[in-house]
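A.B. asks: Input start.txt, format and content: compact mmCIF, C-alpha atoms.
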```
# COMPACT_ATOMS: atom_id res chain seq x y z
CA MET A 188 173.98 248.35 -76.41
CA ASN A 189 170.86 248.96 -78.37
CA LEU A 190 169.26 245.94 -76.78
CA SER A 191 170.35 247.19 -73.39
CA ARG A 192 169.01 250.66 -74.19
CA ARG A 193 165.67 249.25 -75.27
CA ARG A 194 165.46 247.08 -72.18
CA VAL A 195 166.11 250.03 -69.92
CA LEU A 196 163.34 252.05 -71.51
CA LEU A 197 161.02 249.06 -71.62
CA GLY A 198 161.79 248.37 -68.00
CA SER A 199 160.75 251.87 -67.13
CA ALA A 200 157.52 251.49 -69.02
CA VAL A 201 156.73 248.20 -67.35
CA GLY A 202 157.36 249.68 -63.93
CA LEU A 203 155.18 252.67 -64.62
CA LEU A 204 152.49 250.55 -66.19
CA GLY A 205 152.31 248.58 -63.02
CA ALA A 206 151.70 251.79 -61.18
CA GLY A 207 149.04 252.90 -63.62
CA ALA A 208 150.98 255.96 -64.67
CA LEU A 209 151.22 255.48 -68.41
CA ALA A 210 147.64 256.54 -68.89
CA ALA A 211 148.40 259.74 -67.06
CA CYS A 212 151.56 260.44 -68.98
CA SER A 213 150.86 259.94 -72.64
CA ASP A 214 152.57 261.28 -75.73
CA ALA A 215 149.46 263.22 -76.65
CA PRO A 216 149.74 266.98 -77.16
CA PRO A 217 148.75 269.00 -74.13
CA THR A 218 145.14 270.02 -74.21
CA ALA A 219 143.91 270.25 -70.67
CA ALA A 220 144.45 273.17 -68.37
CA PRO A 221 146.17 272.44 -65.08
CA ALA A 222 144.17 272.17 -61.92
CA PRO A 223 142.75 275.45 -60.70
CA SER A 224 144.90 277.47 -58.38
CA SER A 225 145.16 281.04 -57.27
CA GLY A 226 147.62 283.52 -58.63
CA ALA A 227 148.06 284.81 -55.13
CA PRO A 228 150.27 283.01 -52.62
CA ALA A 229 148.59 279.80 -51.61
CA PRO A 230 149.04 277.76 -48.48
CA THR A 231 151.43 274.87 -48.70
CA THR A 232 149.79 271.48 -48.61
CA THR A 233 152.26 269.01 -47.27
CA SER A 234 152.05 265.50 -46.03
CA ALA A 235 151.61 265.39 -42.29
CA GLY A 236 154.85 264.65 -40.51
CA ARG A 237 158.09 263.41 -41.97
CA VAL A 238 157.74 260.86 -44.73
CA PRO A 239 160.50 258.30 -44.72
CA TYR A 240 161.73 258.66 -48.24
CA VAL A 241 165.14 257.08 -48.50
CA GLY A 242 167.77 256.87 -51.20
CA ASP A 243 166.35 257.32 -54.69
CA GLN A 244 162.90 257.82 -53.20
CA ARG A 245 163.92 261.17 -51.79
CA ALA A 246 165.18 262.37 -55.16
CA VAL A 247 162.01 261.11 -56.83
CA ALA A 248 159.96 262.96 -54.24
CA LEU A 249 161.94 266.13 -54.92
CA CYS A 250 161.25 265.81 -58.64
CA ALA A 251 157.55 265.21 -57.94
CA ALA A 252 157.33 268.28 -55.72
CA THR A 253 159.22 270.44 -58.19
CA SER A 254 157.00 269.39 -61.08
CA ALA A 255 153.94 270.03 -58.94
CA LEU A 256 155.19 273.50 -58.03
CA ALA A 257 155.74 274.29 -61.70
CA ALA A 258 152.21 273.14 -62.51
CA SER A 259 150.76 275.14 -59.66
CA LEU A 260 152.62 278.30 -60.61
CA TYR A 261 151.44 278.01 -64.20
CA SER A 262 147.90 277.41 -63.02
CA GLY A 263 148.15 280.57 -60.97
CA ALA A 264 149.63 282.40 -63.93
CA VAL A 265 146.70 281.39 -66.12
CA LEU A 266 144.33 282.77 -63.54
CA ALA A 267 146.37 285.95 -63.27
CA ALA A 268 146.27 286.29 -67.04
CA GLY A 269 142.52 286.19 -66.94
CA ASP A 270 141.82 288.56 -64.09
CA GLY A 271 142.86 291.71 -65.92
CA ARG A 272 145.58 292.94 -63.58
CA LEU A 273 148.27 292.21 -66.19
CA GLY A 274 146.42 293.98 -68.96
CA GLN A 275 145.52 292.14 -72.14
CA VAL A 276 147.44 288.88 -72.05
CA PRO A 277 147.91 287.44 -75.56
CA GLY A 278 146.28 284.10 -76.18
CA VAL A 279 149.58 282.54 -77.16
CA VAL A 280 150.96 283.29 -73.70
CA THR A 281 147.96 281.80 -71.94
CA ALA A 282 148.09 278.75 -74.21
CA PHE A 283 151.75 278.24 -73.37
CA LEU A 284 151.14 278.49 -69.63
CA ALA A 285 148.19 276.09 -69.73
CA GLY A 286 149.92 273.58 -71.99
CA ALA A 287 153.21 273.51 -70.11
CA GLY A 288 151.37 273.39 -66.81
CA ALA A 289 149.34 270.39 -67.95
CA GLN A 290 152.52 268.52 -68.84
CA HIS A 291 154.09 269.36 -65.48
CA THR A 292 150.98 267.97 -63.80
CA GLU A 293 151.49 264.72 -65.69
CA HIS A 294 155.16 264.70 -64.84
CA ALA A 295 154.36 265.02 -61.14
CA ALA A 296 151.92 262.13 -61.47
CA ALA A 297 154.58 259.98 -63.13
CA TRP A 298 157.07 260.68 -60.36
CA ASN A 299 154.46 259.94 -57.72
CA ALA A 300 153.57 256.69 -59.44
CA LEU A 301 157.12 255.52 -58.84
CA LEU A 302 156.75 256.29 -55.15
CA THR A 303 153.39 254.62 -54.69
CA ALA A 304 154.54 251.56 -56.61
CA ALA A 305 157.36 251.33 -54.11
CA GLY A 306 154.89 251.44 -51.24
CA ARG A 307 155.61 255.02 -50.32
CA PRO A 308 153.10 257.86 -50.17
CA ALA A 309 152.80 260.21 -53.07
CA VAL A 310 153.98 263.75 -52.51
CA THR A 311 151.01 266.00 -52.01
CA GLY A 312 151.07 269.73 -52.58
CA THR A 313 154.35 271.52 -53.14
CA PRO A 314 156.49 270.88 -50.05
CA LEU A 315 159.54 272.90 -51.02
CA THR A 316 161.49 275.56 -49.19
CA VAL A 317 161.26 277.85 -52.19
CA GLU A 318 157.50 277.64 -52.54
CA SER A 319 156.62 280.91 -50.84
CA GLU A 320 159.25 282.88 -52.69
CA ARG A 321 158.21 281.47 -56.04
CA ARG A 322 154.56 282.26 -55.41
CA ALA A 323 155.56 285.76 -54.36
CA ALA A 324 157.42 286.16 -57.65
CA LEU A 325 154.25 285.25 -59.48
CA GLY A 326 152.37 287.79 -57.40
CA ARG A 327 154.82 290.49 -58.49
CA ALA A 328 154.17 289.91 -62.20
CA ALA A 329 152.90 293.12 -63.76
CA ALA A 330 152.90 292.30 -67.48
CA PRO A 331 152.54 289.28 -69.76
CA THR A 332 156.29 289.23 -70.36
CA ASP A 333 156.78 288.90 -66.60
CA LEU A 334 154.88 285.62 -66.79
CA LEU A 335 157.19 284.45 -69.54
CA ALA A 336 160.29 285.46 -67.59
CA LEU A 337 158.89 283.55 -64.63
CA ALA A 338 158.43 280.56 -66.92
CA VAL A 339 162.07 280.70 -67.98
CA ASP A 340 163.04 280.44 -64.32
CA VAL A 341 160.50 277.72 -63.56
CA GLU A 342 161.71 275.57 -66.43
CA ALA A 343 165.36 276.08 -65.56
CA MET A 344 164.64 275.15 -61.96
CA THR A 345 162.60 272.10 -62.88
CA GLY A 346 164.80 270.85 -65.69
CA GLY A 347 167.96 271.48 -63.71
CA THR A 348 166.60 269.67 -60.69
CA VAL A 349 165.55 266.63 -62.68
CA SER A 350 168.79 266.57 -64.67
CA ALA A 351 170.92 266.83 -61.55
CA ARG A 352 169.14 263.86 -60.02
CA ALA A 353 168.94 261.86 -63.24
CA ALA A 354 172.54 260.82 -63.35
CA GLU A 355 172.53 259.79 -59.71
CA PHE A 356 169.52 257.50 -59.78
CA THR A 357 170.41 253.88 -59.16
CA ASP A 358 166.90 252.78 -60.09
CA PRO A 359 166.71 252.33 -63.88
CA GLY A 360 163.03 253.26 -63.96
CA ALA A 361 163.69 256.57 -62.25
CA ALA A 362 166.68 257.24 -64.48
CA ALA A 363 164.66 256.55 -67.62
CA LEU A 364 161.80 258.74 -66.45
CA ALA A 365 164.18 261.60 -65.70
CA ALA A 366 165.81 261.22 -69.10
CA THR A 367 162.50 261.60 -70.91
CA LEU A 368 161.11 264.43 -68.77
CA ALA A 369 164.07 266.80 -68.54
CA PRO A 370 164.11 267.44 -72.32
CA VAL A 371 160.43 268.32 -72.21
CA THR A 372 161.09 271.02 -69.66
CA ALA A 373 163.86 272.25 -71.94
CA MET A 374 161.30 272.53 -74.72
CA HIS A 375 159.01 274.53 -72.45
CA GLY A 376 161.91 276.81 -71.68
CA ALA A 377 162.75 277.24 -75.35
CA THR A 378 159.15 278.17 -76.08
CA ALA A 379 159.10 280.76 -73.31
CA ALA A 380 162.38 282.15 -74.60
CA PHE A 381 161.02 282.41 -78.13
CA LEU A 382 157.95 284.25 -76.92
CA LEU A 383 160.21 286.58 -74.95
CA GLY A 384 162.14 287.41 -78.10
CA ARG A 385 165.21 285.37 -77.23
CA PRO A 386 164.96 282.47 -79.67
CA THR A 387 168.50 281.27 -79.07
CA GLY A 388 167.92 281.01 -75.34
CA ALA A 389 167.05 283.15 -72.35
CA THR A 390 169.26 283.29 -69.30
CA PRO A 391 167.34 282.44 -66.12
CA SER A 392 167.66 284.46 -62.95
CA ALA A 393 168.90 283.06 -59.65
CA ALA A 394 165.40 281.68 -59.16
CA GLY A 395 166.11 279.23 -61.96
CA ALA A 396 168.79 277.39 -60.01
CA PRO A 397 168.31 273.63 -59.54
CA LEU A 398 166.94 272.52 -56.19
CA GLY A 399 168.92 270.25 -53.92
CA LEU A 400 167.53 267.50 -51.76
CA ASP A 401 167.52 269.88 -48.82
CA ALA A 402 164.79 271.90 -50.55
CA LEU A 403 162.29 269.10 -49.89
CA THR A 404 160.40 269.73 -46.66
CA VAL A 405 158.88 266.27 -46.20
CA MET B 288 167.18 250.92 -56.05
CA ILE B 289 163.65 251.90 -55.18
CA PRO B 290 162.26 248.95 -53.23
CA GLY B 291 159.37 247.39 -55.04
CA ILE B 292 160.14 249.06 -58.35
CA ALA B 293 163.41 247.79 -59.67
CA GLY B 294 162.58 244.13 -59.29
CA ALA B 295 159.25 244.49 -60.99
CA ALA B 296 160.79 246.38 -63.85
CA GLY B 297 163.05 243.49 -64.79
CA VAL B 298 165.65 245.84 -66.15
CA ALA B 299 169.03 244.61 -67.24
CA ALA B 300 172.00 246.00 -65.36
CA GLN B 301 173.79 248.73 -67.19
CA THR B 302 177.19 247.77 -68.47
CA THR B 303 180.23 249.61 -69.74
CA SER B 304 180.60 247.57 -72.93
CA GLY B 305 178.13 249.65 -74.90
CA ASP B 306 179.37 253.07 -73.90
CA VAL B 307 181.89 253.56 -76.70
CA PRO B 308 179.54 252.62 -79.57
CA ALA B 309 176.78 254.80 -78.12
CA LEU B 310 179.07 257.78 -77.67
CA ARG B 311 180.53 257.39 -81.15
CA THR B 312 177.09 257.14 -82.69
CA ALA B 313 175.92 260.26 -80.90
CA THR B 314 179.07 262.06 -81.98
CA GLY B 315 178.50 261.05 -85.59
CA LEU B 316 175.04 262.59 -85.45
CA VAL B 317 176.49 265.77 -83.96
CA VAL B 318 179.15 265.90 -86.68
CA LEU B 319 176.48 265.53 -89.34
CA ALA B 320 174.20 268.13 -87.78
CA GLN B 321 176.96 270.70 -87.42
CA SER B 322 178.16 270.11 -90.97
CA THR B 323 174.62 270.45 -92.27
CA TYR B 324 174.04 273.69 -90.40
CA ARG B 325 177.27 275.07 -91.84
CA THR B 326 176.32 274.07 -95.35
CA LEU B 327 172.91 275.65 -94.96
CA GLN B 328 174.49 278.88 -93.73
CA ALA B 329 176.08 279.20 -97.16
CA THR B 330 172.78 278.85 -99.01
CA PRO B 331 170.58 281.81 -99.99
CA ALA B 332 167.70 280.48 -97.87
CA GLY B 333 169.85 279.74 -94.85
CA GLY B 334 172.25 282.63 -94.69
CA GLY B 335 171.84 284.64 -97.86
CA ALA B 336 169.45 287.00 -99.51
CA THR B 337 166.27 285.02 -98.92
CA ALA B 338 167.08 283.96 -95.38
CA VAL B 339 164.84 284.83 -92.45
CA PRO B 340 167.05 286.72 -89.98
CA LEU B 341 165.83 284.76 -86.99
CA VAL B 342 166.52 281.46 -88.75
CA ARG B 343 169.96 282.70 -89.67
CA ASP B 344 170.60 283.41 -85.98
CA LEU B 345 169.39 279.94 -85.03
CA LEU B 346 171.86 278.38 -87.46
CA THR B 347 174.72 280.40 -86.04
CA ALA B 348 173.89 279.49 -82.45
CA ALA B 349 173.43 275.82 -83.29
CA VAL B 350 176.85 275.56 -84.92
CA VAL B 351 178.43 276.81 -81.70
CA GLU B 352 176.37 274.56 -79.44
CA LEU B 353 177.03 271.51 -81.57
CA GLY B 354 180.73 272.29 -81.52
CA ASP B 355 180.61 272.17 -77.74
CA ALA B 356 178.70 268.90 -77.86
CA ARG B 357 181.16 267.38 -80.30
CA ALA B 358 184.14 268.29 -78.14
CA ALA B 359 182.54 266.97 -74.98
CA LEU B 360 181.34 263.72 -76.54
CA THR B 361 184.73 263.15 -78.14
CA ALA B 362 186.47 263.67 -74.82
CA ALA B 363 184.06 261.25 -73.20
CA THR B 364 184.68 258.66 -75.91
CA THR B 365 188.43 258.76 -75.56
CA GLY B 366 188.04 258.92 -71.81
CA VAL B 367 186.47 255.46 -71.78
CA GLY B 368 189.04 254.05 -74.17
CA GLY B 369 187.32 254.59 -77.51
CA ARG B 370 188.47 256.20 -80.73
CA ALA B 371 187.20 259.66 -81.50
CA GLN B 372 184.40 259.67 -84.06
CA THR B 373 184.99 262.28 -86.76
CA ALA B 374 182.76 260.91 -89.50
CA PRO B 375 179.13 261.90 -89.95
CA ASP B 376 176.40 259.42 -89.16
CA PRO B 377 176.32 256.81 -91.97
CA THR B 378 172.55 256.44 -92.03
CA TYR B 379 171.49 260.07 -92.11
CA GLY B 380 174.50 261.38 -94.01
CA PRO B 381 173.18 260.16 -97.38
CA VAL B 382 169.74 261.50 -96.50
CA VAL B 383 171.22 264.93 -95.95
CA ASP B 384 173.30 264.69 -99.11
CA ALA B 385 170.15 263.97 -101.08
CA ALA B 386 168.15 266.72 -99.42
CA LEU B 387 170.62 269.61 -99.56
CA PRO B 388 170.30 270.24 -103.32
CA THR B 389 166.54 270.55 -102.91
CA VAL B 390 166.71 273.27 -100.28
CA ARG B 391 165.11 276.39 -101.73
CA THR B 392 163.31 278.19 -98.93
CA PRO B 393 163.73 278.97 -95.24
CA ALA B 394 161.06 276.34 -94.59
CA ASP B 395 163.26 273.77 -96.36
CA VAL B 396 166.18 274.82 -94.16
CA VAL B 397 164.17 274.46 -90.98
CA GLY B 398 162.63 271.18 -92.04
CA LEU B 399 165.99 269.56 -92.72
CA VAL B 400 167.66 270.54 -89.47
CA LEU B 401 164.51 269.74 -87.53
CA THR B 402 164.81 266.14 -88.68
CA LEU B 403 168.43 265.95 -87.61
CA GLU B 404 167.84 267.59 -84.24
CA ASP B 405 165.00 265.20 -83.50
CA VAL B 406 167.10 262.11 -84.19
CA LEU B 407 170.02 263.56 -82.24
CA ALA B 408 167.86 264.44 -79.25
CA GLN B 409 166.12 261.06 -79.20
CA THR B 410 169.46 259.27 -79.41
CA LEU B 411 170.97 261.25 -76.56
CA VAL B 412 167.88 260.84 -74.41
CA ALA B 413 168.07 257.09 -74.90
CA ASP B 414 171.75 257.25 -74.01
CA ALA B 415 170.95 259.25 -70.90
CA ALA B 416 169.06 256.26 -69.56
CA ALA B 417 171.47 253.59 -70.72
CA LEU B 418 175.07 254.73 -70.36
CA SER B 419 176.94 253.09 -67.54
CA THR B 420 178.16 255.95 -65.38
CA PRO B 421 176.50 258.98 -63.81
CA ALA B 422 178.92 261.32 -65.57
CA LEU B 423 178.17 259.88 -69.01
CA ARG B 424 174.43 259.89 -68.39
CA ALA B 425 174.61 263.51 -67.27
CA LEU B 426 176.57 264.42 -70.38
CA ALA B 427 174.05 262.75 -72.65
CA LEU B 428 171.11 264.38 -70.90
CA ARG B 429 172.72 267.80 -71.03
CA PHE B 430 173.21 267.69 -74.77
CA GLY B 431 169.97 265.80 -75.35
CA SER B 432 168.10 268.58 -73.60
CA ALA B 433 169.96 271.16 -75.67
CA ALA B 434 168.93 269.38 -78.88
CA ALA B 435 165.37 269.21 -77.57
CA SER B 436 165.45 272.97 -76.98
CA ARG B 437 166.55 273.58 -80.54
CA LYS B 438 163.87 271.17 -81.74
CA ALA B 439 161.22 273.14 -79.86
CA THR B 440 162.26 276.42 -81.44
CA LEU B 441 162.43 274.82 -84.87
CA LEU B 442 158.93 273.38 -84.40
CA ILE B 443 157.63 276.86 -83.67
CA VAL B 444 159.38 278.41 -86.65
CA ASN B 445 158.39 275.52 -88.89
CA SER B 446 154.76 275.97 -87.91
CA LEU B 447 154.80 279.66 -88.75
CA LEU B 448 156.65 279.20 -92.03
CA SER B 449 154.34 276.37 -93.06
CA ALA B 450 151.39 278.64 -92.42
CA GLY B 451 152.91 281.31 -94.62
CA ARG B 452 153.54 283.62 -91.68
CA ALA B 453 157.24 284.34 -92.09
CA ASP B 454 156.39 287.85 -90.95
CA LEU B 455 155.79 286.46 -87.47
CA VAL B 456 159.19 284.77 -87.29
CA ALA B 457 160.85 287.66 -85.54
CA ALA B 458 162.49 288.60 -82.28
CA PRO B 459 160.75 289.89 -80.34
CA PRO B 460 157.60 288.36 -81.78
CA ASP B 461 154.31 290.17 -82.07
CA LEU B 462 152.65 288.25 -79.27
CA ALA B 463 149.22 289.63 -80.03
CA SER B 464 149.39 288.33 -83.61
CA LEU B 465 150.82 284.89 -82.91
CA PRO B 466 148.25 282.09 -83.17
CA GLY B 467 147.45 280.49 -79.82
CA GLY B 468 148.68 277.13 -81.07
CA ILE B 469 152.21 278.47 -81.24
CA GLY B 470 152.21 278.43 -77.46
CA THR B 471 152.25 274.63 -77.40
CA VAL B 472 153.53 273.49 -80.80
CA GLY B 473 157.08 273.36 -79.45
CA PHE B 474 156.38 270.57 -76.95
CA PRO B 475 154.13 267.94 -78.53
CA ASP B 476 155.09 265.08 -76.21
CA THR B 477 154.61 264.80 -72.46
CA ARG B 478 157.55 262.39 -72.36
CA PHE B 479 160.33 262.90 -74.87
CA PRO B 480 160.17 260.03 -77.38
CA THR B 481 163.04 257.69 -78.16
CA ALA B 482 161.56 255.56 -80.94
CA LYS B 483 163.79 257.26 -83.51
CA ALA B 484 166.96 256.90 -81.47
CA ALA B 485 169.79 255.67 -83.63
CA PRO B 486 170.94 252.17 -82.74
CA ALA B 487 174.05 252.45 -80.62
CA GLU B 488 176.15 250.57 -83.16
CA GLU B 489 175.02 252.71 -86.09
CA GLY B 490 177.86 255.20 -85.96
CA ASP B 491 180.56 253.00 -84.50
CA GLY B 492 182.25 252.25 -87.81
```
The structure given in the file should be rewritten as structure tokens.
C.D. replies:
Amino acid sequence: MNLSRRRVLLGSAVGLLGAGALAACSDAPPTAAPAPSSGAPAPTTTSAGRVPYVGDQRAVALCAATSALAASLYSGAVLAAGDGRLGQVPGVVTAFLAGAGAQHTEHAAAWNALLTAAGRPAVTGTPLTVESERRAALGRAAAPTDLLALAVDVEAMTGGTVSARAAEFTDPGAAALAATLAPVTAMHGATAAFLLGRPTGATPSAAGAPLGLDALTV
Amino acid sequence: MIPGIAGAAGVAAQTTSGDVPALRTATGLVVLAQSTYRTLQATPAGGGATAVPLVRDLLTAAVVELGDARAALTAATTGVGGRAQTAPDPTYGPVVDAALPTVRTPADVVGLVLTLEDVLAQTLVADAAALSTPALRALALRFGSAAASRKATLLIVNSLLSAGRADLVAAPPDLASLPGGIGTVGFPDTRFPTAKAAPAEEGDG
């Protein structure tokens, strides 16, 4: 079993290495801020037309889009934290948002690497049915703790989506990737909960529900 | 399979033969962690006069969560024809036995359980990729993510206690006083590591 376990994880690494994703998804601590984005609702950038993702590919695409939405929301939250409308946002909150967002960016890249290695297009933008509502929620934030509450929902949504798909993947590489990314989102969520004053766990709102395959709009 | 990926990966097919040892090993780690938490609750630094209230709350919550994990993993083990594992992990049990008498401070408490949670989480994450059925993989990932969550919180608390800032280990925290690094210390890895995962046969005795 241990040999099998090691081969599964090695197989994942080999597959990702072939796609050039390992360099974009290291074990290094997060240092870079996510790509710039606006705290205000942003236009959806979707692939033109319907992309023929089939089987596991569709679930991988959903995970890519969900990770990208998380990264984009955090990027917007960092900008919101800096524009003064939320008052003085503590540095620890901004650091959390930037660090977690950077990891979600890398997660999205890792998911997309699986797609491109399979000859399918990477998911661009955040083509999800919930995108507008989630961006609106960010726009309604009025205090630093609102950003943290949003983060609790974002992490529950992302982690729940990946976890729900993880068990269903027939591709070992996708299953292994899901297994190593879902716990990281859980760690983001635990950090947000700690900062919110709920160190044993914060309960997400309805916006933290996992996304189904029907949430993907490409 | 994802066309173009699975073949290149050269991954062995998952089989059912390793499920029971893996589940029993994970259960042994859970048994050990829960027992350790309980023991620490009875120490001055974990649950007594010198305990940090927030750490005391973490211990209480972890005992409950690990109880749930133990019950679920045991049910899964017997469900696939295995014997329930009730003994603590044989590798880390002696490590804990040696460490417990040296626990003096809340930082010692956090450091000890942090080690156990890390091994448990890494083991379950490895299982989540290797077990043979969707239900078992989902189970492993659920409890692996829970252990990872506890690890994140313990990393934060450990960082503050190591810096001599027990005053900041509070709920709610004083956000304005927390160092910026606390915002990311709880998630040091972009992908959750598995190098410390216990070998599946380790706790199958």
A.B. asks: What is the distance between atom CA of Thr387 of chain A and atom CA of Leu368 of chain A, in Å to one decimal?
C.D. replies: 21.1 Å
A.B. asks: Neighbours of Asn299 of chain A within 10 Å (only C-alpha atoms; same-chain residues fewer than 5 positions away dropped), as a ChimeraX atom specification?
C.D. replies: /A:206,208,244,247-248,250-252,293-294,304-305,307-311
A.B. asks: Any idea what's packed within 7 Å of segment 308-321 of chain B, counting all atoms listed in the file, ignoring anything in its chain fewer than 3 positions away? Could you give it as a list in words?
C.D. replies: Gly305, Tyr324, Arg325, Val350, Leu353, Arg357, Leu360, Thr361, Thr364, Gln372, Thr373, Ala374, Pro375, Asp376, Gly380, Leu403, Leu407, Thr410, Leu411, Asp414, Ala487, Glu488, Glu489, Gly490 and Asp491 of chain B
A.B. asks: Could you take the residues named above and write them with C-alpha atoms, as a PDB file, keeping the file's coordinate frame?
C.D. replies:
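Final output, saved to result-v2.pdb:
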```
ATOM      1  CA  GLY B 305     178.130 249.650 -74.900  1.00  0.00           C
ATOM      2  CA  TYR B 324     174.040 273.690 -90.400  1.00  0.00           C
ATOM      3  CA  ARG B 325     177.270 275.070 -91.840  1.00  0.00           C
ATOM      4  CA  VAL B 350     176.850 275.560 -84.920  1.00  0.00           C
ATOM      5  CA  LEU B 353     177.030 271.510 -81.570  1.00  0.00           C
ATOM      6  CA  ARG B 357     181.160 267.380 -80.300  1.00  0.00           C
ATOM      7  CA  LEU B 360     181.340 263.720 -76.540  1.00  0.00           C
ATOM      8  CA  THR B 361     184.730 263.150 -78.140  1.00  0.00           C
ATOM      9  CA  THR B 364     184.680 258.660 -75.910  1.00  0.00           C
ATOM     10  CA  GLN B 372     184.400 259.670 -84.060  1.00  0.00           C
ATOM     11  CA  THR B 373     184.990 262.280 -86.760  1.00  0.00           C
ATOM     12  CA  ALA B 374     182.760 260.910 -89.500  1.00  0.00           C
ATOM     13  CA  PRO B 375     179.130 261.900 -89.950  1.00  0.00           C
ATOM     14  CA  ASP B 376     176.400 259.420 -89.160  1.00  0.00           C
ATOM     15  CA  GLY B 380     174.500 261.380 -94.010  1.00  0.00           C
ATOM     16  CA  LEU B 403     168.430 265.950 -87.610  1.00  0.00           C
ATOM     17  CA  LEU B 407     170.020 263.560 -82.240  1.00  0.00           C
ATOM     18  CA  THR B 410     169.460 259.270 -79.410  1.00  0.00           C
ATOM     19  CA  LEU B 411     170.970 261.250 -76.560  1.00  0.00           C
ATOM     20  CA  ASP B 414     171.750 257.250 -74.010  1.00  0.00           C
ATOM     21  CA  ALA B 487     174.050 252.450 -80.620  1.00  0.00           C
ATOM     22  CA  GLU B 488     176.150 250.570 -83.160  1.00  0.00           C
ATOM     23  CA  GLU B 489     175.020 252.710 -86.090  1.00  0.00           C
ATOM     24  CA  GLY B 490     177.860 255.200 -85.960  1.00  0.00           C
ATOM     25  CA  ASP B 491     180.560 253.000 -84.500  1.00  0.00           C
TER      26      ASP B 491
END
```
A.B. asks: Please indicate the distance in Å from atom CA of Leu256 of chain A to atom CA of Gly468 of chain B, rounded to one decimal place.
C.D. replies: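 These atoms are spaced 24.2 Å apart.
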A.B. asks: With 5 Å on each side, where is the centre of the axis-aligned box around all listed atoms of segment 388-394 of chain B, and how long are its edges in Å to one decimal, as lines of an AutoDock Vina configuration file?
C.D. replies:
```
center_x = 165.7
center_y = 274.6
center_z = -99.0
size_x = 19.2
size_y = 18.7
size_z = 18.7
```
A.B. asks: Please measure the separation of atom CA of Thr471 of chain B and atom CA of Thr378 of chain A, giving the value in Å to one decimal.
C.D. replies: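 If I compute the distance from atom CA of Thr471 of chain B to atom CA of Thr378 of chain A, I get 7.9 Å.
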A.B. asks: For chain A, which residue among B:Arg452, B:Ala425, B:Val342, B:Leu441 is the nearest when counting all atoms listed in the file?
C.D. replies: B:Ala425
A.B. asks: Which residue, A:Leu249, A:Val280, A:Ala393, A:Ala329, has the smallest gap to chain B when you use only C-alpha atoms?
C.D. replies: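 The closest residue to chain B is A:Val280.
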A.B. asks: If we count all atoms listed in the file, what is near segment 388-402 of chain B at a cut-off of 7 Å, once residues fewer than 3 positions away on the same chain are taken out, given as a list in words?
C.D. replies: Leu327, Ala332, Gly333, Ala338, Val339, Ala385, Asp405, Val406, Lys438, Leu441, Asn445, Leu448 and Ser449 of chain B
A.B. asks: Fewer than 6 positions away in the same chain doesn't count, so skip those; otherwise give me all residues within 9 Å of Ala396 of chain A, counting all atoms listed in the file, as a ChimeraX atom specification.
C.D. replies: /A:340,343-345,347-348
A.B. asks: Restricting the output to C-alpha atoms, write the selected residues as an mmCIF file, in the frame of the given file.
C.D. replies:
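Output (selection-v4.cif):
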```cif
data_model
loop_
_atom_site.group_PDB
_atom_site.id
_atom_site.type_symbol
_atom_site.label_atom_id
_atom_site.label_comp_id
_atom_site.auth_asym_id
_atom_site.auth_seq_id
_atom_site.Cartn_x
_atom_site.Cartn_y
_atom_site.Cartn_z
ATOM 1 C CA ASP A 340 163.040 280.440 -64.320
ATOM 2 C CA ALA A 343 165.360 276.080 -65.560
ATOM 3 C CA MET A 344 164.640 275.150 -61.960
ATOM 4 C CA THR A 345 162.600 272.100 -62.880
ATOM 5 C CA GLY A 347 167.960 271.480 -63.710
ATOM 6 C CA THR A 348 166.600 269.670 -60.690
#
```
A.B. asks: I'd like to know which of A:Val405, A:Leu398, A:Val339, A:His375 is closest to Gly312 of chain A, using only C-alpha atoms.
C.D. replies: A:Val405
A.B. asks: Enumerate, as a list in words, the protein, DNA and RNA residues whose atoms approach (146.2, 284.4, -69.1) to within 8 Å, taking into account only C-alpha atoms and the coordinate frame of the file.
C.D. replies: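 Protein, DNA and RNA residues close to (146.2, 284.4, -69.1): Ala264, Val265, Leu266, Ala267, Ala268, Gly269, Asp270, Val276, Pro277, Gly278, Val280, Thr281, Ala282 and Leu284 of chain A.
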A.B. asks: Save out the residues we just selected, C-alpha atoms, as a compact mmCIF listing (two decimals), keeping the file's coordinate frame.
C.D. replies:
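Writing the result to part.txt gives the following:
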```txt
# COMPACT_ATOMS: atom_id res chain seq x y z
CA ALA A 264 149.63 282.40 -63.93
CA VAL A 265 146.70 281.39 -66.12
CA LEU A 266 144.33 282.77 -63.54
CA ALA A 267 146.37 285.95 -63.27
CA ALA A 268 146.27 286.29 -67.04
CA GLY A 269 142.52 286.19 -66.94
CA ASP A 270 141.82 288.56 -64.09
CA VAL A 276 147.44 288.88 -72.05
CA PRO A 277 147.91 287.44 -75.56
CA GLY A 278 146.28 284.10 -76.18
CA VAL A 280 150.96 283.29 -73.70
CA THR A 281 147.96 281.80 -71.94
CA ALA A 282 148.09 278.75 -74.21
CA LEU A 284 151.14 278.49 -69.63
```
A.B. asks: Go through A:Thr332, A:Ser319, A:Ser392, A:Thr357 and flag the residue nearest chain B, using only C-alpha atoms for the distances.
C.D. replies: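 Answer, going by the shortest atom-to-atom distance: A:Thr357.
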A.B. asks: Give me, as a VMD selection string, all polymer residues having an atom no more than 9 Å from Ala328 of chain A, counting all atoms listed in the file and skipping those fewer than 3 positions away in the same chain.
C.D. replies: chain A and resid 264 267 273 323 to 325 331 to 334 337
A.B. asks: Considering all atoms listed in the file, state which residue in the set A:Gly271, A:Gly384, A:Pro397, A:Pro314 is at the smallest distance from chain B.
C.D. replies: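 Closest to chain B, using all atoms listed in the file: A:Gly384.
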